[in-house]
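Shown here: input_5.cif, mmCIF, N, CA and C atoms.
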data_target
#
loop_
_atom_site.label_atom_id
_atom_site.label_comp_id
_atom_site.auth_asym_id
_atom_site.auth_seq_id
_atom_site.Cartn_x
_atom_site.Cartn_y
_atom_site.Cartn_z
N MET A 292 0.83 -1.17 0.00
CA MET A 292 0.00 0.00 0.00
C MET A 292 0.88 1.23 0.00
N ASP A 293 0.56 2.19 -0.82
CA ASP A 293 1.25 3.47 -0.85
C ASP A 293 0.86 4.24 0.41
N LEU A 294 1.84 4.89 1.05
CA LEU A 294 1.55 5.62 2.27
C LEU A 294 0.59 6.78 2.05
N GLN A 295 0.38 7.18 0.81
CA GLN A 295 -0.52 8.28 0.52
C GLN A 295 -1.95 7.79 0.31
N ASP A 296 -2.18 6.48 0.29
CA ASP A 296 -3.52 5.92 0.14
C ASP A 296 -4.28 6.01 1.44
N ASP A 297 -5.59 5.75 1.39
CA ASP A 297 -6.40 5.70 2.61
C ASP A 297 -5.95 4.52 3.46
N MET A 298 -5.97 4.72 4.77
CA MET A 298 -5.67 3.66 5.72
C MET A 298 -6.91 3.48 6.57
N THR A 299 -7.20 2.27 6.98
CA THR A 299 -8.36 2.02 7.82
C THR A 299 -7.91 2.01 9.27
N THR A 300 -8.62 2.75 10.10
CA THR A 300 -8.35 2.78 11.53
C THR A 300 -9.59 2.30 12.25
N ALA A 301 -9.49 2.16 13.56
CA ALA A 301 -10.65 1.74 14.35
C ALA A 301 -11.79 2.74 14.23
N ASP A 302 -11.45 4.00 13.93
CA ASP A 302 -12.46 5.05 13.81
C ASP A 302 -12.94 5.23 12.37
N GLY A 303 -12.46 4.42 11.44
CA GLY A 303 -12.83 4.57 10.03
C GLY A 303 -11.62 4.93 9.20
N PRO A 304 -11.83 5.32 7.93
CA PRO A 304 -10.69 5.63 7.07
C PRO A 304 -9.91 6.84 7.56
N GLU A 305 -8.60 6.73 7.50
CA GLU A 305 -7.72 7.85 7.82
C GLU A 305 -6.89 8.11 6.57
N THR A 306 -6.97 9.31 6.05
CA THR A 306 -6.25 9.63 4.83
C THR A 306 -4.95 10.33 5.15
N LEU A 307 -3.87 9.85 4.60
CA LEU A 307 -2.60 10.55 4.66
C LEU A 307 -2.53 11.38 3.38
N ALA A 308 -3.02 12.58 3.46
CA ALA A 308 -3.22 13.41 2.27
C ALA A 308 -1.90 13.82 1.64
N THR A 309 -1.91 13.97 0.34
CA THR A 309 -0.71 14.40 -0.37
C THR A 309 -0.37 15.83 -0.02
N SER A 310 -1.31 16.60 0.51
CA SER A 310 -1.02 17.96 0.95
C SER A 310 -0.24 17.98 2.25
N ARG A 311 -0.08 16.81 2.88
CA ARG A 311 0.69 16.67 4.11
C ARG A 311 1.87 15.74 3.85
N PRO A 312 2.90 16.22 3.13
CA PRO A 312 4.00 15.33 2.73
C PRO A 312 4.75 14.71 3.88
N ASN A 313 4.75 15.33 5.06
CA ASN A 313 5.45 14.74 6.21
C ASN A 313 4.73 13.53 6.76
N ALA A 314 3.45 13.33 6.37
CA ALA A 314 2.69 12.19 6.89
C ALA A 314 3.36 10.87 6.54
N ALA A 315 3.99 10.79 5.38
CA ALA A 315 4.64 9.55 4.96
C ALA A 315 5.86 9.24 5.82
N ARG A 316 6.28 10.16 6.66
CA ARG A 316 7.43 9.93 7.54
C ARG A 316 7.05 9.08 8.75
N LEU A 317 5.75 8.94 9.00
CA LEU A 317 5.26 8.19 10.16
C LEU A 317 4.30 7.13 9.68
N LEU A 318 4.51 5.90 10.11
CA LEU A 318 3.72 4.77 9.65
C LEU A 318 2.88 4.20 10.79
N LEU A 319 1.59 4.07 10.56
CA LEU A 319 0.69 3.42 11.50
C LEU A 319 0.63 1.95 11.12
N LEU A 320 1.14 1.07 11.98
CA LEU A 320 1.20 -0.35 11.67
C LEU A 320 -0.13 -1.06 11.89
N ASP A 321 -0.90 -0.64 12.89
CA ASP A 321 -2.17 -1.28 13.23
C ASP A 321 -3.08 -0.19 13.78
N ALA A 322 -4.35 -0.25 13.46
CA ALA A 322 -5.31 0.77 13.88
C ALA A 322 -5.40 0.89 15.40
N ARG A 323 -5.04 -0.17 16.14
CA ARG A 323 -5.09 -0.14 17.60
C ARG A 323 -3.86 0.50 18.23
N ASP A 324 -2.82 0.77 17.44
CA ASP A 324 -1.56 1.28 17.96
C ASP A 324 -1.70 2.70 18.50
N ASN A 325 -0.95 2.98 19.58
CA ASN A 325 -0.85 4.36 20.04
C ASN A 325 0.55 4.91 19.77
N VAL A 326 1.28 4.23 18.88
CA VAL A 326 2.57 4.70 18.39
C VAL A 326 2.57 4.68 16.87
N LEU A 327 3.45 5.51 16.31
CA LEU A 327 3.72 5.52 14.88
C LEU A 327 5.20 5.21 14.73
N VAL A 328 5.60 4.66 13.60
CA VAL A 328 6.99 4.28 13.37
C VAL A 328 7.59 5.23 12.33
N CYS A 329 8.78 5.73 12.63
CA CYS A 329 9.47 6.65 11.72
C CYS A 329 9.99 5.89 10.50
N THR A 330 9.67 6.39 9.32
CA THR A 330 10.15 5.78 8.08
C THR A 330 11.34 6.54 7.50
N THR A 331 11.61 7.72 8.05
CA THR A 331 12.77 8.53 7.68
C THR A 331 13.31 9.15 8.97
N PRO A 332 14.55 9.59 8.97
CA PRO A 332 15.05 10.27 10.17
C PRO A 332 14.25 11.55 10.43
N ILE A 333 13.98 11.81 11.69
CA ILE A 333 13.27 13.01 12.12
C ILE A 333 14.27 13.88 12.87
N ALA A 334 14.34 15.15 12.52
CA ALA A 334 15.22 16.08 13.23
C ALA A 334 14.42 16.81 14.30
N ALA A 335 15.10 17.20 15.38
CA ALA A 335 14.44 18.02 16.40
C ALA A 335 13.90 19.27 15.71
N GLY A 336 12.65 19.59 16.00
CA GLY A 336 12.02 20.76 15.40
C GLY A 336 11.23 20.48 14.14
N ASP A 337 11.34 19.26 13.60
CA ASP A 337 10.56 18.90 12.41
C ASP A 337 9.07 18.87 12.75
N PRO A 338 8.22 19.34 11.82
CA PRO A 338 6.77 19.21 12.03
C PRO A 338 6.35 17.76 11.80
N LEU A 339 5.49 17.25 12.68
CA LEU A 339 5.00 15.88 12.56
C LEU A 339 3.47 15.91 12.54
N PRO A 340 2.85 15.58 11.41
CA PRO A 340 1.39 15.51 11.38
C PRO A 340 0.93 14.24 12.09
N ILE A 341 0.17 14.41 13.16
CA ILE A 341 -0.34 13.28 13.93
C ILE A 341 -1.83 13.51 14.10
N GLY A 342 -2.61 12.63 13.49
CA GLY A 342 -4.05 12.84 13.52
C GLY A 342 -4.40 14.11 12.79
N ASP A 343 -5.21 14.95 13.42
CA ASP A 343 -5.62 16.22 12.81
C ASP A 343 -4.71 17.37 13.20
N GLU A 344 -3.65 17.09 13.94
CA GLU A 344 -2.76 18.15 14.41
C GLU A 344 -1.36 17.96 13.86
N THR A 345 -0.58 19.01 13.95
CA THR A 345 0.84 18.93 13.65
C THR A 345 1.58 19.34 14.90
N VAL A 346 2.49 18.48 15.35
CA VAL A 346 3.30 18.77 16.53
C VAL A 346 4.75 18.90 16.08
N VAL A 347 5.56 19.47 16.93
CA VAL A 347 6.98 19.65 16.63
C VAL A 347 7.76 18.55 17.35
N ALA A 348 8.62 17.87 16.61
CA ALA A 348 9.46 16.82 17.21
C ALA A 348 10.39 17.46 18.23
N PRO A 349 10.32 17.04 19.50
CA PRO A 349 11.17 17.65 20.52
C PRO A 349 12.64 17.23 20.43
N VAL A 350 12.90 16.06 19.85
CA VAL A 350 14.26 15.54 19.72
C VAL A 350 14.38 14.84 18.37
N ALA A 351 15.61 14.55 17.97
CA ALA A 351 15.84 13.76 16.76
C ALA A 351 15.40 12.32 17.03
N ILE A 352 14.82 11.70 16.01
CA ILE A 352 14.32 10.32 16.15
C ILE A 352 14.79 9.52 14.94
N ALA A 353 15.39 8.38 15.17
CA ALA A 353 15.95 7.55 14.10
C ALA A 353 14.87 6.74 13.39
N VAL A 354 15.19 6.31 12.19
CA VAL A 354 14.31 5.43 11.42
C VAL A 354 14.00 4.17 12.23
N GLY A 355 12.75 3.75 12.22
CA GLY A 355 12.34 2.54 12.91
C GLY A 355 11.94 2.76 14.36
N HIS A 356 12.20 3.95 14.88
CA HIS A 356 11.84 4.22 16.27
C HIS A 356 10.39 4.69 16.36
N LYS A 357 9.85 4.66 17.57
CA LYS A 357 8.44 4.94 17.82
C LYS A 357 8.22 6.39 18.23
N VAL A 358 7.07 6.92 17.79
CA VAL A 358 6.61 8.25 18.16
C VAL A 358 5.21 8.08 18.74
N ALA A 359 4.92 8.80 19.82
CA ALA A 359 3.60 8.71 20.44
C ALA A 359 2.52 9.27 19.50
N ARG A 360 1.49 8.50 19.28
CA ARG A 360 0.34 8.91 18.46
C ARG A 360 -0.65 9.69 19.30
N HIS A 361 -0.73 9.37 20.58
CA HIS A 361 -1.64 10.00 21.55
C HIS A 361 -0.84 10.30 22.81
N ALA A 362 -1.38 11.16 23.66
CA ALA A 362 -0.78 11.39 24.97
C ALA A 362 -0.90 10.11 25.80
N LEU A 363 0.14 9.78 26.52
CA LEU A 363 0.16 8.61 27.39
C LEU A 363 0.52 9.05 28.80
N ALA A 364 -0.14 8.47 29.77
CA ALA A 364 0.15 8.73 31.19
C ALA A 364 1.03 7.62 31.73
N PRO A 365 1.74 7.88 32.82
CA PRO A 365 2.53 6.80 33.43
C PRO A 365 1.65 5.58 33.70
N GLY A 366 2.15 4.42 33.29
CA GLY A 366 1.41 3.18 33.47
C GLY A 366 0.58 2.76 32.27
N ASP A 367 0.32 3.70 31.34
CA ASP A 367 -0.44 3.34 30.14
C ASP A 367 0.34 2.33 29.31
N LYS A 368 -0.36 1.38 28.73
CA LYS A 368 0.26 0.41 27.84
C LYS A 368 0.64 1.08 26.53
N VAL A 369 1.82 0.75 26.02
CA VAL A 369 2.26 1.20 24.70
C VAL A 369 1.92 0.06 23.75
N ILE A 370 1.16 0.38 22.71
CA ILE A 370 0.65 -0.63 21.78
C ILE A 370 1.32 -0.46 20.41
N LYS A 371 1.92 -1.54 19.93
CA LYS A 371 2.56 -1.57 18.60
C LYS A 371 2.18 -2.90 17.96
N HIS A 372 1.85 -2.88 16.69
CA HIS A 372 1.36 -4.07 15.98
C HIS A 372 0.10 -4.61 16.65
N GLY A 373 -0.66 -3.73 17.32
CA GLY A 373 -1.90 -4.15 17.97
C GLY A 373 -1.71 -4.87 19.29
N ALA A 374 -0.48 -4.93 19.79
CA ALA A 374 -0.19 -5.67 21.03
C ALA A 374 0.61 -4.78 21.99
N PRO A 375 0.41 -4.96 23.30
CA PRO A 375 1.19 -4.17 24.26
C PRO A 375 2.66 -4.61 24.22
N ILE A 376 3.56 -3.61 24.19
CA ILE A 376 4.99 -3.90 24.20
C ILE A 376 5.65 -3.43 25.48
N GLY A 377 4.90 -2.71 26.31
CA GLY A 377 5.44 -2.20 27.55
C GLY A 377 4.51 -1.15 28.11
N SER A 378 5.00 -0.44 29.13
CA SER A 378 4.21 0.60 29.80
C SER A 378 5.01 1.89 29.87
N ALA A 379 4.32 3.00 29.70
CA ALA A 379 4.95 4.30 29.85
C ALA A 379 5.38 4.47 31.30
N ASN A 380 6.60 4.95 31.52
CA ASN A 380 7.06 5.17 32.89
C ASN A 380 7.03 6.64 33.28
N ARG A 381 6.52 7.48 32.38
CA ARG A 381 6.32 8.92 32.63
C ARG A 381 5.31 9.43 31.61
N ALA A 382 4.86 10.65 31.76
CA ALA A 382 3.93 11.23 30.78
C ALA A 382 4.64 11.38 29.44
N ILE A 383 3.92 11.04 28.37
CA ILE A 383 4.46 11.11 27.02
C ILE A 383 3.45 11.90 26.18
N ALA A 384 3.92 12.94 25.51
CA ALA A 384 3.05 13.78 24.69
C ALA A 384 3.00 13.26 23.26
N PRO A 385 1.95 13.59 22.51
CA PRO A 385 1.92 13.22 21.09
C PRO A 385 3.17 13.77 20.39
N GLY A 386 3.81 12.93 19.60
CA GLY A 386 5.03 13.33 18.88
C GLY A 386 6.31 13.04 19.63
N ASP A 387 6.22 12.67 20.92
CA ASP A 387 7.43 12.35 21.68
C ASP A 387 8.01 11.01 21.21
N TRP A 388 9.31 10.93 21.26
CA TRP A 388 10.04 9.69 20.98
C TRP A 388 9.76 8.72 22.11
N ILE A 389 9.42 7.49 21.77
CA ILE A 389 9.20 6.45 22.78
C ILE A 389 10.33 5.44 22.63
N HIS A 390 11.08 5.28 23.72
CA HIS A 390 12.22 4.36 23.70
C HIS A 390 12.56 3.97 25.14
N LEU A 391 13.76 3.55 25.38
CA LEU A 391 14.17 3.02 26.69
C LEU A 391 14.05 4.01 27.83
N HIS A 392 14.08 5.30 27.55
CA HIS A 392 14.04 6.31 28.60
C HIS A 392 12.63 6.54 29.16
N ASN A 393 11.59 6.15 28.42
CA ASN A 393 10.23 6.40 28.90
C ASN A 393 9.30 5.19 28.74
N LEU A 394 9.87 4.03 28.48
CA LEU A 394 9.11 2.81 28.28
C LEU A 394 9.73 1.68 29.09
N ASP A 395 8.91 1.05 29.92
CA ASP A 395 9.35 -0.13 30.67
C ASP A 395 8.78 -1.36 30.01
N SER A 396 9.61 -2.38 29.85
CA SER A 396 9.14 -3.64 29.30
C SER A 396 8.23 -4.32 30.32
N ASP A 397 7.18 -4.92 29.82
CA ASP A 397 6.30 -5.73 30.68
C ASP A 397 6.72 -7.20 30.64
N TYR A 398 7.80 -7.51 29.93
CA TYR A 398 8.16 -8.91 29.68
C TYR A 398 9.50 -9.31 30.25
N ILE A 399 10.39 -8.36 30.43
CA ILE A 399 11.71 -8.68 30.99
C ILE A 399 11.96 -7.73 32.17
N PRO A 400 12.79 -8.12 33.14
CA PRO A 400 12.97 -7.30 34.33
C PRO A 400 13.65 -5.96 34.07
N THR A 401 14.36 -5.83 32.98
CA THR A 401 15.00 -4.58 32.63
C THR A 401 14.84 -4.37 31.13
N HIS A 402 14.86 -3.14 30.71
CA HIS A 402 14.77 -2.89 29.28
C HIS A 402 16.12 -2.47 28.72
N SER A 403 17.19 -2.85 29.40
CA SER A 403 18.53 -2.63 28.92
C SER A 403 18.84 -3.67 27.84
N ARG A 404 19.67 -3.31 26.90
CA ARG A 404 20.04 -4.25 25.84
C ARG A 404 21.29 -5.05 26.20
N LYS A 405 21.79 -4.89 27.43
CA LYS A 405 22.96 -5.65 27.86
C LYS A 405 22.56 -7.10 28.05
N THR A 406 23.43 -7.99 27.68
CA THR A 406 23.15 -9.40 27.87
C THR A 406 23.66 -9.86 29.23
N VAL A 407 23.07 -10.89 29.73
CA VAL A 407 23.48 -11.46 31.01
C VAL A 407 24.62 -12.44 30.75
N SER A 408 25.66 -12.34 31.55
CA SER A 408 26.82 -13.22 31.39
C SER A 408 26.44 -14.63 31.83
N THR A 409 26.93 -15.61 31.09
CA THR A 409 26.68 -17.01 31.45
C THR A 409 27.86 -17.59 32.23
N GLU A 410 28.86 -16.76 32.47
CA GLU A 410 30.03 -17.24 33.22
C GLU A 410 29.68 -17.41 34.69
N GLU A 411 30.29 -18.40 35.32
CA GLU A 411 30.07 -18.63 36.75
C GLU A 411 31.26 -18.22 37.55
#

Go ahead and express the file in the form of structure tokens.
Amino acid sequence: MDLQDDMTTADGPETLATSRPNAARLLLLDARDNVLVCTTPIAAGDPLPIGDETVVAPVAIAVGHKVARHALAPGDKVIKHGAPIGSANRAIAPGDWIHLHNLDSDYIPTHSRKTVSTEE
């Protein structure tokens, strides 16, 4: 599907209009998601069309990373691919980068990428 085509959401069709060229920079993977995925690098200060609003990216965000689609409160589940991937550990505004600094895994005791040593 072309990112400029209509997308179906839980609320009905959502159009990523050609008049909003930055819309293609953010991908909605599932209508239930409260995150969008960056398809291009985002610089701090870039405008990000999210829903009916445009917000300013507060920080640079790399390709493949998550951006909040809606405001999230501490403890809210972060949903990607229609499934919870963790919980917000602080308030997150629409357009904020979601990563290790504001997301706690619900599946592992730490969300660090360090591996556990198998040495005894």

Go through stretch 367-406 of chain A residue by residue and, counting all atoms listed in the file, keep those with an atom at most 6.5 Å from stretch 351-357 of chain A; for each kept residue give the shortest atom pair and its distance in Å to one decimal, ordered by chain and increasing number, as CSV.
residue,atom,partner,partner_atom,distance
A:Asp387,C,A:Lys357,C,5.5
A:Trp388,CA,A:Lys357,C,4.7
A:Ile389,N,A:Lys357,C,3.9
A:His390,N,A:Lys357,C,6.3

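Reported to one decimal place, the separation of atom CA of A:Cys329 from atom C of A:Ala315 is 7.4 Å.
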
Residues near A:Asp397, cut-off 8 Å, only C-alpha atoms, skip fewer than 6 positions along chain, as a list in words: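 Once the nearby chain positions are removed, what remains is Ile376, Gly377 and Ser378 of chain A.
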
Who sits within 7 Å of stretch 320-328 of chain A, all atoms listed in the file, same chain under 3 positions skipped, as a short mmCIF file (atom, residue, chain, number, x, y, z; two decimals) with N, CA and C atoms, in the coordinates of the input:
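As a result, around.cif now contains:
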data_model
loop_
_atom_site.label_atom_id
_atom_site.label_comp_id
_atom_site.auth_asym_id
_atom_site.auth_seq_id
_atom_site.Cartn_x
_atom_site.Cartn_y
_atom_site.Cartn_z
N THR A 299 -7.20 2.27 6.98
CA THR A 299 -8.36 2.02 7.82
C THR A 299 -7.91 2.01 9.27
N THR A 300 -8.62 2.75 10.10
CA THR A 300 -8.35 2.78 11.53
C THR A 300 -9.59 2.30 12.25
N ALA A 301 -9.49 2.16 13.56
CA ALA A 301 -10.65 1.74 14.35
C ALA A 301 -11.79 2.74 14.23
N ASP A 302 -11.45 4.00 13.93
CA ASP A 302 -12.46 5.05 13.81
C ASP A 302 -12.94 5.23 12.37
N ARG A 316 6.28 10.16 6.66
CA ARG A 316 7.43 9.93 7.54
C ARG A 316 7.05 9.08 8.75
N LEU A 317 5.75 8.94 9.00
CA LEU A 317 5.26 8.19 10.16
C LEU A 317 4.30 7.13 9.68
N THR A 331 11.61 7.72 8.05
CA THR A 331 12.77 8.53 7.68
C THR A 331 13.31 9.15 8.97
N VAL A 354 15.19 6.31 12.19
CA VAL A 354 14.31 5.43 11.42
C VAL A 354 14.00 4.17 12.23
N GLY A 355 12.75 3.75 12.22
CA GLY A 355 12.34 2.54 12.91
C GLY A 355 11.94 2.76 14.36
N HIS A 356 12.20 3.95 14.88
CA HIS A 356 11.84 4.22 16.27
C HIS A 356 10.39 4.69 16.36
N LYS A 357 9.85 4.66 17.57
CA LYS A 357 8.44 4.94 17.82
C LYS A 357 8.22 6.39 18.23
N VAL A 358 7.07 6.92 17.79
CA VAL A 358 6.61 8.25 18.16
C VAL A 358 5.21 8.08 18.74
N ALA A 359 4.92 8.80 19.82
CA ALA A 359 3.60 8.71 20.44
C ALA A 359 2.52 9.27 19.50
N ARG A 360 1.49 8.50 19.28
CA ARG A 360 0.34 8.91 18.46
C ARG A 360 -0.65 9.69 19.30
N HIS A 361 -0.73 9.37 20.58
CA HIS A 361 -1.64 10.00 21.55
C HIS A 361 -0.84 10.30 22.81
N VAL A 369 1.82 0.75 26.02
CA VAL A 369 2.26 1.20 24.70
C VAL A 369 1.92 0.06 23.75
N ILE A 370 1.16 0.38 22.71
CA ILE A 370 0.65 -0.63 21.78
C ILE A 370 1.32 -0.46 20.41
N LYS A 371 1.92 -1.54 19.93
CA LYS A 371 2.56 -1.57 18.60
C LYS A 371 2.18 -2.90 17.96
N HIS A 372 1.85 -2.88 16.69
CA HIS A 372 1.36 -4.07 15.98
C HIS A 372 0.10 -4.61 16.65
N GLY A 373 -0.66 -3.73 17.32
CA GLY A 373 -1.90 -4.15 17.97
C GLY A 373 -1.71 -4.87 19.29
N ALA A 374 -0.48 -4.93 19.79
CA ALA A 374 -0.19 -5.67 21.03
C ALA A 374 0.61 -4.78 21.99
#

What do you get, as a ChimeraX atom specification, if you spell out every residue that the PyMOL selection byres (((chain A and resi 395 and name CA) around 10) and name CA) selects here? /A:366,368-369,376-381,390-394,396-403

Mind pulling up the distance from atom CA of A:Pro375 to atom CA of A:Pro349?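 Computing it gives 24.3 Å between the two atoms.
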
Expanded to explicit residues, what is the PyMOL selection byres (((chain A and resi 335 and name CA) around 7) and name CA) for this file, as a ChimeraX atom specification? /A:333-334,336-337,348-351

Those same residues - N, CA and C atoms - I'd like them written as a short mmCIF file (atom, residue, chain, number, x, y, z; two decimals), in the coordinates of the input.
data_model
loop_
_atom_site.label_atom_id
_atom_site.label_comp_id
_atom_site.auth_asym_id
_atom_site.auth_seq_id
_atom_site.Cartn_x
_atom_site.Cartn_y
_atom_site.Cartn_z
N ILE A 333 13.98 11.81 11.69
CA ILE A 333 13.27 13.01 12.12
C ILE A 333 14.27 13.88 12.87
N ALA A 334 14.34 15.15 12.52
CA ALA A 334 15.22 16.08 13.23
C ALA A 334 14.42 16.81 14.30
N GLY A 336 12.65 19.59 16.00
CA GLY A 336 12.02 20.76 15.40
C GLY A 336 11.23 20.48 14.14
N ASP A 337 11.34 19.26 13.60
CA ASP A 337 10.56 18.90 12.41
C ASP A 337 9.07 18.87 12.75
N ALA A 348 8.62 17.87 16.61
CA ALA A 348 9.46 16.82 17.21
C ALA A 348 10.39 17.46 18.23
N PRO A 349 10.32 17.04 19.50
CA PRO A 349 11.17 17.65 20.52
C PRO A 349 12.64 17.23 20.43
N VAL A 350 12.90 16.06 19.85
CA VAL A 350 14.26 15.54 19.72
C VAL A 350 14.38 14.84 18.37
N ALA A 351 15.61 14.55 17.97
CA ALA A 351 15.84 13.76 16.76
C ALA A 351 15.40 12.32 17.03
#

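Separating atom CA of A:Leu318 from atom C of A:Asp367 is a distance of 20.1 Å.
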